Amino acid sequence: MHHQHTISVVVENEFGVLARVSGLFSGRGFNIESLSVAPTSDESLSRITIVTSGDEAVLEQITKQLNKLVDVIKVLDFSDGSAIERELALIKVTAEDDSRAEVLRIVDIFRAKIIDVTPKSYTIEATGSPAKINAILDLLRPLGLKELVRTGAVAIGRGAKGWKG
Amino acid sequence: MKMNGARILLESLKREGVDLVFGYPGGTVINLYDELMNVREIRHILPRHEQGGTHAADGYARATGKVGVAIATSGPGATNTITGIATAYMDSIPMVIITGQVPTPLIGNDAFQEVDIIGITRPITKHSFLIRHAKDIPTIVRKAFYIARSGRPGPVLIDFPKDVQISQAEFKWPESIDIRGYKPNLEGHQKQVEKAVEMLLDARRPVMYVGGGVILANAAEELTELARTLQFPVTTTLMGLGAFPENDPLALKMLGMHGAYAANMAMTHSDLILAVGARFDDRVTGKIATFAPHAKIIHIDVDPTSIRKNVRVDLPIVGDTKDVLVKMIDCLKGQADKVTAQHAAMEAWHEDISGWKTKHPISYKQSTSVIKPQYVIQKLRELSEDDAIMATDVGQHQMWVAQFFEFHQPRTLLTSGGLGTMGFGIPSAMGAQAAYPKRQVICVCGDGGVQMNMQELATMVQHRLPVKIVILNNNFLGMVRQWQELFFDKRYSQTCLELPMDFSKIAEAYGAKGLKAEKPSEVEQVIKEGFAHNGPVIMEFTIAREEKVLPMVPAGASLNEMVLNA
Ligand SMILES: Cc1ncc(C[n+]2csc(CCOP(=O)(O)OP(=O)(O)O)c2C)c(N)n1
């Protein structure tokens, strides 16, 4: 069964690590749906969040292969529901005459923000689960999508327990 | 004490016990080479091509079990090592490759002889390091060697910029190292081992399927003990040859595409496979869907990624194969009754196996008019020493060696199993001979592959490395020709090497000895003369041109669908 998986990879904050991780995916024909990376509170560590898809066997290989990389310290595999996922999107939409009110209403419902305004457009900042971002995009698309930038998901485990390397 | 980076690197190599390196100088390692003149403890061999040097370091590692070391300059020197690195990576050979790099401020500027060698080699190294400061060198070297030789071994690259080689720092050897992201799991889980032993004792039609991992872990002795205790038949992969003595009655010999009929039938009919340090390569399994349909599979491997990669596994045990085998042997010690009972219960199985062995032994038709390659290999075994090291190139001759040269001891076969690299034979034999100047080292090549790294004959002559090179000359790129004959209607596209060429004369040109046999009656004499000569020799044998490697499982077919003769 194919499904999406979110994997969080804690790595040494060293040059070349991202290339190793992403190279592992491309070199083995694994799919990356999204990837985001930044340092953590510990300066020597970075955290990479990867959304990938494949059947169980593929996912098992991905996790094992990631664990095998010398610079990878921890692989957290978030199976469904065990993590909170958020994504940021910057969305530029056409907003003229009647559609301006409609855009505002959608932004309000999704608790997004307008961050730039011109007589012809709004630029919106939206955060939420990737599904929520998809939902707002579905509503905005008919009004005229001019430009879209998404960060890809970041994820953190639910509950009080934290992972601090 | 302060020293320059080049000296620190060499001192670090000494600490790692390195006594021999294969390297080729150039602008970005000239400082390193200058310092080398002050370090007596490290012997240096100059190959004639960096690919040769890298394969030589690999051959040295395969034969000794130590980490092989190769040095190359930046740019073209570094890229010439690629095939050698990939070959070692595919066969999990511990190796450290040191490449020169342009000065740090020029990195990324397309400077003269600059390449991003770390980037280029990323998919074919276990890990790599770029040295930025001379003070980091001891730690990096220590980590590199540790990573190369531990867990599933492999090549590690150290990129060494020229300015760091000159800059001064204190030499401080780290007491210990800790790599937080790298903790190979070496100890087999006791409970899993016990479960496995239970399964072993329940089996009625068991097979041990043994790969190169057993040799890499120096576990051949334990493997042999376990097999003999249990009276289990043993088949090995190409890389596993030598892990179990092939003259033992339990030996099934090699399995897979060109494996023995008995080995492939045993796998197909077994009810339990104990896979030890083998990775179910597609050359071994044939068609996955019909592979060992009745068998439960226990898989021991130090690398968790090898487990369940190609086949379903009923019981995985991650750990060093030696550790796991020792635990199994211990566990069996208390169960002598069960072991005896099982010996009796396996009688029918052993009968089946000897039936398969007699029905289709690995054999060939001898000829009185033309030299059969299999005959040459048999004669080599007969006339060579028991612990002779055999290196091969890649092609038909490689498979004839695997089929007809009986291997009795680990680390006596050097062959490129994973990558299948033509050009590997001569330089890897050279590396082994440099490690063991007194042992007999033989290298069997085809007339195609021998021309891919023949230049190392010069190195062998210079360093008095008396490798016995055997060329089985069929005037073809034989293995490809065989496929064209069987599967492409004999359309021999670009596989004929017809040339009035005389390899023995090439030997003479390099200052080695050249011998030649064209008739079966000359074979024995040439081998004797070649073995008796105290220096490198080329022995060329003009062989039956269209001889095939048989039996064969066609690509994509099941293991029991063997072409026995065609
Ligand atoms: C570097 C490289 N190039 C091409 C191949 C593909 N290949 C595999 S076997 C073979 C033929 C080898 O011919 P030869 O060296 O004459 O040995 P023979 O098969 O005749 O024993 C070729 C071309 C390879 N394995 N390695």
# chains A, B, ... in the order shown; residues from 1 in each chain; ligands from 1

call {"tool": "residues_near_ligand", "arguments": {"ligand": "ligand 1", "cutoff": "10 Å", "atoms": "only C-alpha atoms and all ligand atoms", "output": "JSON, numbers by chain"}}
result
{"B": [83, 373, 392, 393, 394, 395, 396, 397, 398, 399, 400, 416, 419, 420, 421, 422, 423, 424, 444, 445, 446, 447, 448, 449, 450, 451, 452, 471, 472, 473, 474, 475, 476, 477, 478, 479, 480, 481, 482, 483, 494, 495, 496, 497, 543, 545, 546, 547, 548, 549]}

call {"tool": "write_last_selection", "arguments": {"atoms": "N, CA and C atoms", "output": "tab-separated table (two decimals), in the first residue's frame"}}
result
chain	number	residue	atom	x	y	z
B	83	THR	N	36.59	4.11	-10.45
B	83	THR	CA	36.21	2.71	-10.67
B	83	THR	C	36.74	1.83	-9.54
B	373	PRO	N	39.44	-24.12	-21.51
B	373	PRO	CA	39.80	-23.21	-20.41
B	373	PRO	C	39.65	-23.88	-19.04
B	392	THR	N	41.04	-12.63	-10.14
B	392	THR	CA	40.50	-12.79	-11.49
B	392	THR	C	40.08	-11.43	-12.02
B	393	ASP	N	39.95	-11.39	-13.32
B	393	ASP	CA	39.32	-10.26	-13.96
B	393	ASP	C	37.83	-10.61	-14.09
B	394	VAL	N	37.13	-10.01	-15.03
B	394	VAL	CA	35.70	-10.27	-15.13
B	394	VAL	C	35.35	-10.82	-16.50
B	395	GLY	N	34.56	-11.88	-16.51
B	395	GLY	CA	34.14	-12.48	-17.76
B	395	GLY	C	33.99	-13.97	-17.59
B	396	GLN	N	34.06	-14.69	-18.70
B	396	GLN	CA	33.92	-16.15	-18.63
B	396	GLN	C	34.98	-16.78	-17.75
B	397	HIS	N	36.22	-16.32	-17.91
B	397	HIS	CA	37.33	-16.92	-17.15
B	397	HIS	C	37.08	-16.83	-15.65
B	398	GLN	N	36.45	-15.73	-15.24
B	398	GLN	CA	36.14	-15.52	-13.81
B	398	GLN	C	35.21	-16.65	-13.31
B	399	MET	N	34.22	-16.96	-14.14
B	399	MET	CA	33.28	-18.01	-13.75
B	399	MET	C	33.94	-19.39	-13.82
B	400	TRP	N	34.84	-19.60	-14.78
B	400	TRP	CA	35.54	-20.89	-14.82
B	400	TRP	C	36.41	-21.06	-13.58
B	416	SER	N	36.00	-9.15	-8.48
B	416	SER	CA	35.03	-8.07	-8.39
B	416	SER	C	33.63	-8.64	-8.56
B	419	LEU	N	30.50	-5.08	-8.59
B	419	LEU	CA	30.52	-4.16	-9.73
B	419	LEU	C	30.88	-4.90	-11.02
B	420	GLY	N	31.62	-5.98	-10.91
B	420	GLY	CA	32.03	-6.73	-12.10
B	420	GLY	C	32.97	-5.89	-12.95
B	421	THR	N	34.09	-5.51	-12.37
B	421	THR	CA	34.99	-4.56	-13.02
B	421	THR	C	36.06	-5.24	-13.85
B	422	MET	N	35.98	-5.14	-15.16
B	422	MET	CA	37.11	-5.57	-16.00
B	422	MET	C	38.29	-4.66	-15.69
B	423	GLY	N	39.47	-5.21	-15.64
B	423	GLY	CA	40.66	-4.43	-15.30
B	423	GLY	C	41.04	-4.56	-13.84
B	424	PHE	N	40.26	-5.29	-13.08
B	424	PHE	CA	40.49	-5.45	-11.64
B	424	PHE	C	41.61	-6.46	-11.36
B	444	VAL	N	44.03	-14.68	-13.19
B	444	VAL	CA	43.48	-15.19	-14.43
B	444	VAL	C	42.66	-14.09	-15.12
B	445	CYS	N	42.98	-13.82	-16.38
B	445	CYS	CA	42.33	-12.74	-17.14
B	445	CYS	C	41.85	-13.25	-18.49
B	446	GLY	N	40.94	-12.49	-19.06
B	446	GLY	CA	40.58	-12.70	-20.46
B	446	GLY	C	41.45	-11.80	-21.33
B	447	ASP	N	41.42	-12.04	-22.63
B	447	ASP	CA	42.24	-11.20	-23.51
B	447	ASP	C	41.65	-9.79	-23.63
B	448	GLY	N	40.40	-9.62	-23.25
B	448	GLY	CA	39.81	-8.28	-23.26
B	448	GLY	C	40.25	-7.48	-22.04
B	449	GLY	N	39.87	-7.96	-20.87
B	449	GLY	CA	40.10	-7.23	-19.63
B	449	GLY	C	41.57	-7.02	-19.30
B	450	VAL	N	42.41	-7.94	-19.75
B	450	VAL	CA	43.82	-7.81	-19.42
B	450	VAL	C	44.37	-6.50	-19.98
B	451	GLN	N	43.76	-6.04	-21.05
B	451	GLN	CA	44.25	-4.82	-21.69
B	451	GLN	C	43.73	-3.55	-21.01
B	452	MET	N	42.97	-3.72	-19.95
B	452	MET	CA	42.46	-2.54	-19.26
B	452	MET	C	43.39	-2.03	-18.17
B	471	ILE	N	46.48	-15.67	-19.11
B	471	ILE	CA	45.49	-15.10	-20.03
B	471	ILE	C	44.82	-16.24	-20.79
B	472	LEU	N	43.51	-16.32	-20.66
B	472	LEU	CA	42.76	-17.29	-21.44
B	472	LEU	C	42.28	-16.55	-22.69
B	473	ASN	N	43.01	-16.78	-23.77
B	473	ASN	CA	42.76	-15.98	-24.98
B	473	ASN	C	41.79	-16.70	-25.91
B	474	ASN	N	40.58	-16.16	-25.99
B	474	ASN	CA	39.60	-16.73	-26.92
B	474	ASN	C	39.31	-15.76	-28.07
B	475	ASN	N	40.10	-14.69	-28.14
B	475	ASN	CA	39.90	-13.69	-29.19
B	475	ASN	C	38.52	-13.07	-29.20
B	476	PHE	N	37.86	-13.17	-28.08
B	476	PHE	CA	36.52	-12.61	-27.96
B	476	PHE	C	36.37	-11.89	-26.62
B	477	LEU	N	35.45	-10.97	-26.54
B	477	LEU	CA	34.93	-10.54	-25.24
B	477	LEU	C	33.93	-11.64	-24.88
B	478	GLY	N	34.51	-12.70	-24.32
B	478	GLY	CA	33.83	-13.99	-24.29
B	478	GLY	C	32.46	-13.99	-23.63
B	479	MET	N	32.35	-13.37	-22.47
B	479	MET	CA	31.08	-13.47	-21.76
B	479	MET	C	29.98	-12.78	-22.53
B	480	VAL	N	30.30	-11.66	-23.17
B	480	VAL	CA	29.27	-10.96	-23.94
B	480	VAL	C	28.94	-11.78	-25.20
B	481	ARG	N	30.01	-12.35	-25.78
B	481	ARG	CA	29.78	-13.23	-26.94
B	481	ARG	C	28.83	-14.37	-26.58
B	482	GLN	N	29.02	-14.93	-25.40
B	482	GLN	CA	28.16	-16.04	-24.96
B	482	GLN	C	26.69	-15.60	-24.91
B	483	TRP	N	26.44	-14.43	-24.38
B	483	TRP	CA	25.06	-13.92	-24.32
B	483	TRP	C	24.52	-13.69	-25.73
B	494	GLN	N	30.48	-6.33	-32.05
B	494	GLN	CA	31.62	-5.73	-31.34
B	494	GLN	C	32.18	-6.58	-30.20
B	495	THR	N	32.20	-7.89	-30.40
B	495	THR	CA	32.80	-8.71	-29.35
B	495	THR	C	33.99	-9.51	-29.85
B	496	CYS	N	34.32	-9.35	-31.13
B	496	CYS	CA	35.46	-10.07	-31.66
B	496	CYS	C	36.72	-9.21	-31.58
B	497	LEU	N	37.78	-9.77	-30.97
B	497	LEU	CA	39.00	-8.99	-30.77
B	497	LEU	C	40.11	-9.42	-31.72
B	543	ILE	N	42.69	-20.61	-26.22
B	543	ILE	CA	41.65	-21.57	-25.81
B	543	ILE	C	40.56	-21.74	-26.87
B	545	ARG	N	37.63	-21.23	-28.84
B	545	ARG	CA	37.08	-19.88	-28.98
B	545	ARG	C	35.64	-19.75	-28.54
B	546	GLU	N	34.86	-20.82	-28.76
B	546	GLU	CA	33.43	-20.65	-28.51
B	546	GLU	C	32.96	-21.43	-27.28
B	547	GLU	N	33.90	-21.70	-26.39
B	547	GLU	CA	33.52	-22.42	-25.18
B	547	GLU	C	32.59	-21.54	-24.33
B	548	LYS	N	31.56	-22.18	-23.74
B	548	LYS	CA	30.61	-21.41	-22.93
B	548	LYS	C	30.75	-21.74	-21.44
B	549	VAL	N	30.30	-20.81	-20.62
B	549	VAL	CA	30.21	-21.07	-19.19
B	549	VAL	C	28.87	-21.73	-18.92

call {"tool": "closest_atom_pairs", "arguments": {"of": "chain B", "to": "chain A", "cutoff": "7 Å", "atoms": "only C-alpha atoms", "output": "tab-separated table"}}
result
residue	atom	partner	partner_atom	distance
B:Arg122	CA	A:Arg20	CA	6.9
B:His127	CA	A:Val70	CA	6.7
B:Arg180	CA	A:Ile73	CA	6.3
B:Gly181	CA	A:Ile73	CA	4.0
B:Tyr182	CA	A:Val70	CA	5.1
B:Pro304	CA	A:Lys64	CA	6.6
B:Thr305	CA	A:Lys64	CA	5.5

call {"tool": "write_last_selection", "arguments": {"atoms": "N, CA and C atoms", "output": "PDB file, in the first residue's frame"}}
result
ATOM      1  N   ARG B 122      30.237  10.554  -3.671  1.00  0.00           N
ATOM      2  CA  ARG B 122      29.274  10.388  -2.573  1.00  0.00           C
ATOM      3  C   ARG B 122      28.512   9.064  -2.637  1.00  0.00           C
ATOM      4  N   HIS B 127      31.762   6.977   3.608  1.00  0.00           N
ATOM      5  CA  HIS B 127      31.744   8.328   4.149  1.00  0.00           C
ATOM      6  C   HIS B 127      32.918   9.092   3.538  1.00  0.00           C
ATOM      7  N   ARG B 180      28.828  10.156  16.996  1.00  0.00           N
ATOM      8  CA  ARG B 180      27.511   9.907  17.599  1.00  0.00           C
ATOM      9  C   ARG B 180      26.506   9.343  16.607  1.00  0.00           C
ATOM     10  N   GLY B 181      26.704   9.623  15.303  1.00  0.00           N
ATOM     11  CA  GLY B 181      25.753   9.100  14.320  1.00  0.00           C
ATOM     12  C   GLY B 181      26.140   7.729  13.782  1.00  0.00           C
ATOM     13  N   TYR B 182      27.238   7.172  14.296  1.00  0.00           N
ATOM     14  CA  TYR B 182      27.725   5.917  13.724  1.00  0.00           C
ATOM     15  C   TYR B 182      28.031   4.908  14.813  1.00  0.00           C
ATOM     16  N   PRO B 304      21.823  -3.718   8.426  1.00  0.00           N
ATOM     17  CA  PRO B 304      20.366  -3.908   8.422  1.00  0.00           C
ATOM     18  C   PRO B 304      19.732  -3.628   7.062  1.00  0.00           C
ATOM     19  N   THR B 305      20.365  -2.811   6.224  1.00  0.00           N
ATOM     20  CA  THR B 305      19.755  -2.513   4.909  1.00  0.00           C
ATOM     21  C   THR B 305      19.786  -3.727   3.990  1.00  0.00           C
TER      22      THR B 305
END

call {"tool": "atom_distance", "arguments": {"atom1": "atom CA of B:Ala345", "atom2": "atom CA of B:Ile317"}}
result
26.2 Å

call {"tool": "atom_distance", "arguments": {"atom1": "atom CA of A:Thr118", "atom2": "atom CA of A:Val103"}}
result
13.3 Å

call {"tool": "residues_around", "arguments": {"residues": "stretch 36-38 of chain A", "least_positions_apart": "3", "cutoff": "7 Å", "atoms": "only C-alpha atoms", "output": "ChimeraX atom specification"}}
result
/A:46-50,151-154

call {"tool": "write_last_selection", "arguments": {"atoms": "N, CA and C atoms", "output": "mmCIF file, in the first residue's frame"}}
result
data_model
loop_
_atom_site.group_PDB
_atom_site.id
_atom_site.type_symbol
_atom_site.label_atom_id
_atom_site.label_comp_id
_atom_site.auth_asym_id
_atom_site.auth_seq_id
_atom_site.Cartn_x
_atom_site.Cartn_y
_atom_site.Cartn_z
ATOM 1 N N SER A 46 21.232 19.769 12.847
ATOM 2 C CA SER A 46 20.168 20.276 11.990
ATOM 3 C C SER A 46 19.061 19.239 11.962
ATOM 4 N N ARG A 47 17.880 19.715 11.622
ATOM 5 C CA ARG A 47 16.788 18.763 11.516
ATOM 6 C C ARG A 47 16.190 18.877 10.118
ATOM 7 N N ILE A 48 16.080 17.734 9.478
ATOM 8 C CA ILE A 48 15.536 17.682 8.126
ATOM 9 C C ILE A 48 14.185 16.981 8.209
ATOM 10 N N THR A 49 13.159 17.626 7.680
ATOM 11 C CA THR A 49 11.857 16.958 7.616
ATOM 12 C C THR A 49 11.596 16.568 6.173
ATOM 13 N N ILE A 50 11.332 15.305 5.971
ATOM 14 C CA ILE A 50 11.111 14.805 4.616
ATOM 15 C C ILE A 50 9.747 14.156 4.543
ATOM 16 N N THR A 151 6.774 25.933 1.885
ATOM 17 C CA THR A 151 8.017 25.514 2.543
ATOM 18 C C THR A 151 8.181 24.009 2.592
ATOM 19 N N GLY A 152 7.093 23.283 2.432
ATOM 20 C CA GLY A 152 7.148 21.863 2.760
ATOM 21 C C GLY A 152 6.910 21.735 4.252
ATOM 22 N N ALA A 153 6.516 20.554 4.660
ATOM 23 C CA ALA A 153 6.109 20.382 6.056
ATOM 24 C C ALA A 153 7.292 20.360 7.012
ATOM 25 N N VAL A 154 7.067 20.850 8.229
ATOM 26 C CA VAL A 154 7.948 20.520 9.351
ATOM 27 C C VAL A 154 7.088 19.758 10.350
#

call {"tool": "closest_atom_pairs", "arguments": {"of": "stretch 148-188 of chain B", "to": "stretch 53-69 of chain B", "cutoff": "9 Å", "atoms": "only C-alpha atoms", "output": "tab-separated table"}}
result
residue	atom	partner	partner_atom	distance
B:Ala148	CA	B:Val67	CA	7.2
B:Arg149	CA	B:Val67	CA	6.6
B:Pro155	CA	B:Gly68	CA	8.9

call {"tool": "write_last_selection", "arguments": {"atoms": "N, CA and C atoms", "output": "short mmCIF file (atom, residue, chain, number, x, y, z; two decimals), in the first residue's frame"}}
result
data_model
loop_
_atom_site.label_atom_id
_atom_site.label_comp_id
_atom_site.auth_asym_id
_atom_site.auth_seq_id
_atom_site.Cartn_x
_atom_site.Cartn_y
_atom_site.Cartn_z
N ALA B 148 35.93 2.86 7.91
CA ALA B 148 36.25 1.95 6.80
C ALA B 148 36.22 0.49 7.25
N ARG B 149 36.72 0.20 8.44
CA ARG B 149 36.89 -1.22 8.80
C ARG B 149 35.76 -1.78 9.67
N PRO B 155 34.87 1.83 1.47
CA PRO B 155 35.85 2.87 1.22
C PRO B 155 35.46 4.22 1.83
#

call {"tool": "decode", "arguments": {"residues": "stretch 32-45 of chain A", "atoms": "N, CA, C and O atoms", "output": "JSON list (two decimals), in the first residue's frame"}}
result
[["chain", "number", "residue", "atom", "x", "y", "z"],
["A", 32, "ILE", "N", 10.83, 12.12, -3.06],
["A", 32, "ILE", "CA", 10.70, 13.15, -2.03],
["A", 32, "ILE", "C", 9.55, 14.07, -2.42],
["A", 32, "ILE", "O", 9.56, 14.66, -3.49],
["A", 33, "GLU", "N", 8.55, 14.17, -1.56],
["A", 33, "GLU", "CA", 7.43, 15.09, -1.84],
["A", 33, "GLU", "C", 7.78, 16.48, -1.37],
["A", 33, "GLU", "O", 7.51, 17.47, -2.03],
["A", 34, "SER", "N", 8.37, 16.56, -0.17],
["A", 34, "SER", "CA", 8.88, 17.85, 0.27],
["A", 34, "SER", "C", 10.00, 17.64, 1.26],
["A", 34, "SER", "O", 10.13, 16.56, 1.85],
["A", 35, "LEU", "N", 10.82, 18.68, 1.38],
["A", 35, "LEU", "CA", 11.98, 18.57, 2.25],
["A", 35, "LEU", "C", 12.25, 19.95, 2.84],
["A", 35, "LEU", "O", 12.23, 20.95, 2.13],
["A", 36, "SER", "N", 12.43, 20.01, 4.15],
["A", 36, "SER", "CA", 12.80, 21.29, 4.73],
["A", 36, "SER", "C", 13.89, 21.05, 5.75],
["A", 36, "SER", "O", 13.96, 19.99, 6.36],
["A", 37, "VAL", "N", 14.78, 22.03, 5.91],
["A", 37, "VAL", "CA", 15.93, 21.82, 6.77],
["A", 37, "VAL", "C", 16.36, 23.13, 7.42],
["A", 37, "VAL", "O", 16.30, 24.19, 6.80],
["A", 38, "ALA", "N", 16.73, 23.05, 8.69],
["A", 38, "ALA", "CA", 17.28, 24.21, 9.40],
["A", 38, "ALA", "C", 17.95, 23.72, 10.68],
["A", 38, "ALA", "O", 17.67, 22.61, 11.14],
["A", 39, "PRO", "N", 18.85, 24.55, 11.24],
["A", 39, "PRO", "CA", 19.50, 24.17, 12.49],
["A", 39, "PRO", "C", 18.48, 24.06, 13.63],
["A", 39, "PRO", "O", 17.39, 24.60, 13.55],
["A", 40, "THR", "N", 18.87, 23.36, 14.69],
["A", 40, "THR", "CA", 18.00, 23.22, 15.85],
["A", 40, "THR", "C", 18.52, 24.12, 16.98],
["A", 40, "THR", "O", 19.41, 24.92, 16.76],
["A", 41, "SER", "N", 17.96, 23.95, 18.17],
["A", 41, "SER", "CA", 18.42, 24.75, 19.30],
["A", 41, "SER", "C", 19.85, 24.39, 19.66],
["A", 41, "SER", "O", 20.59, 25.18, 20.23],
["A", 42, "ASP", "N", 20.26, 23.17, 19.34],
["A", 42, "ASP", "CA", 21.65, 22.77, 19.49],
["A", 42, "ASP", "C", 22.36, 23.09, 18.18],
["A", 42, "ASP", "O", 22.06, 22.50, 17.15],
["A", 43, "GLU", "N", 23.31, 24.01, 18.25],
["A", 43, "GLU", "CA", 23.95, 24.51, 17.03],
["A", 43, "GLU", "C", 24.62, 23.43, 16.19],
["A", 43, "GLU", "O", 24.80, 23.59, 14.99],
["A", 44, "SER", "N", 25.01, 22.35, 16.85],
["A", 44, "SER", "CA", 25.74, 21.32, 16.10],
["A", 44, "SER", "C", 24.80, 20.39, 15.34],
["A", 44, "SER", "O", 25.25, 19.51, 14.63],
["A", 45, "LEU", "N", 23.50, 20.60, 15.51],
["A", 45, "LEU", "CA", 22.53, 19.71, 14.87],
["A", 45, "LEU", "C", 21.62, 20.46, 13.91],
["A", 45, "LEU", "O", 21.27, 21.61, 14.15]]
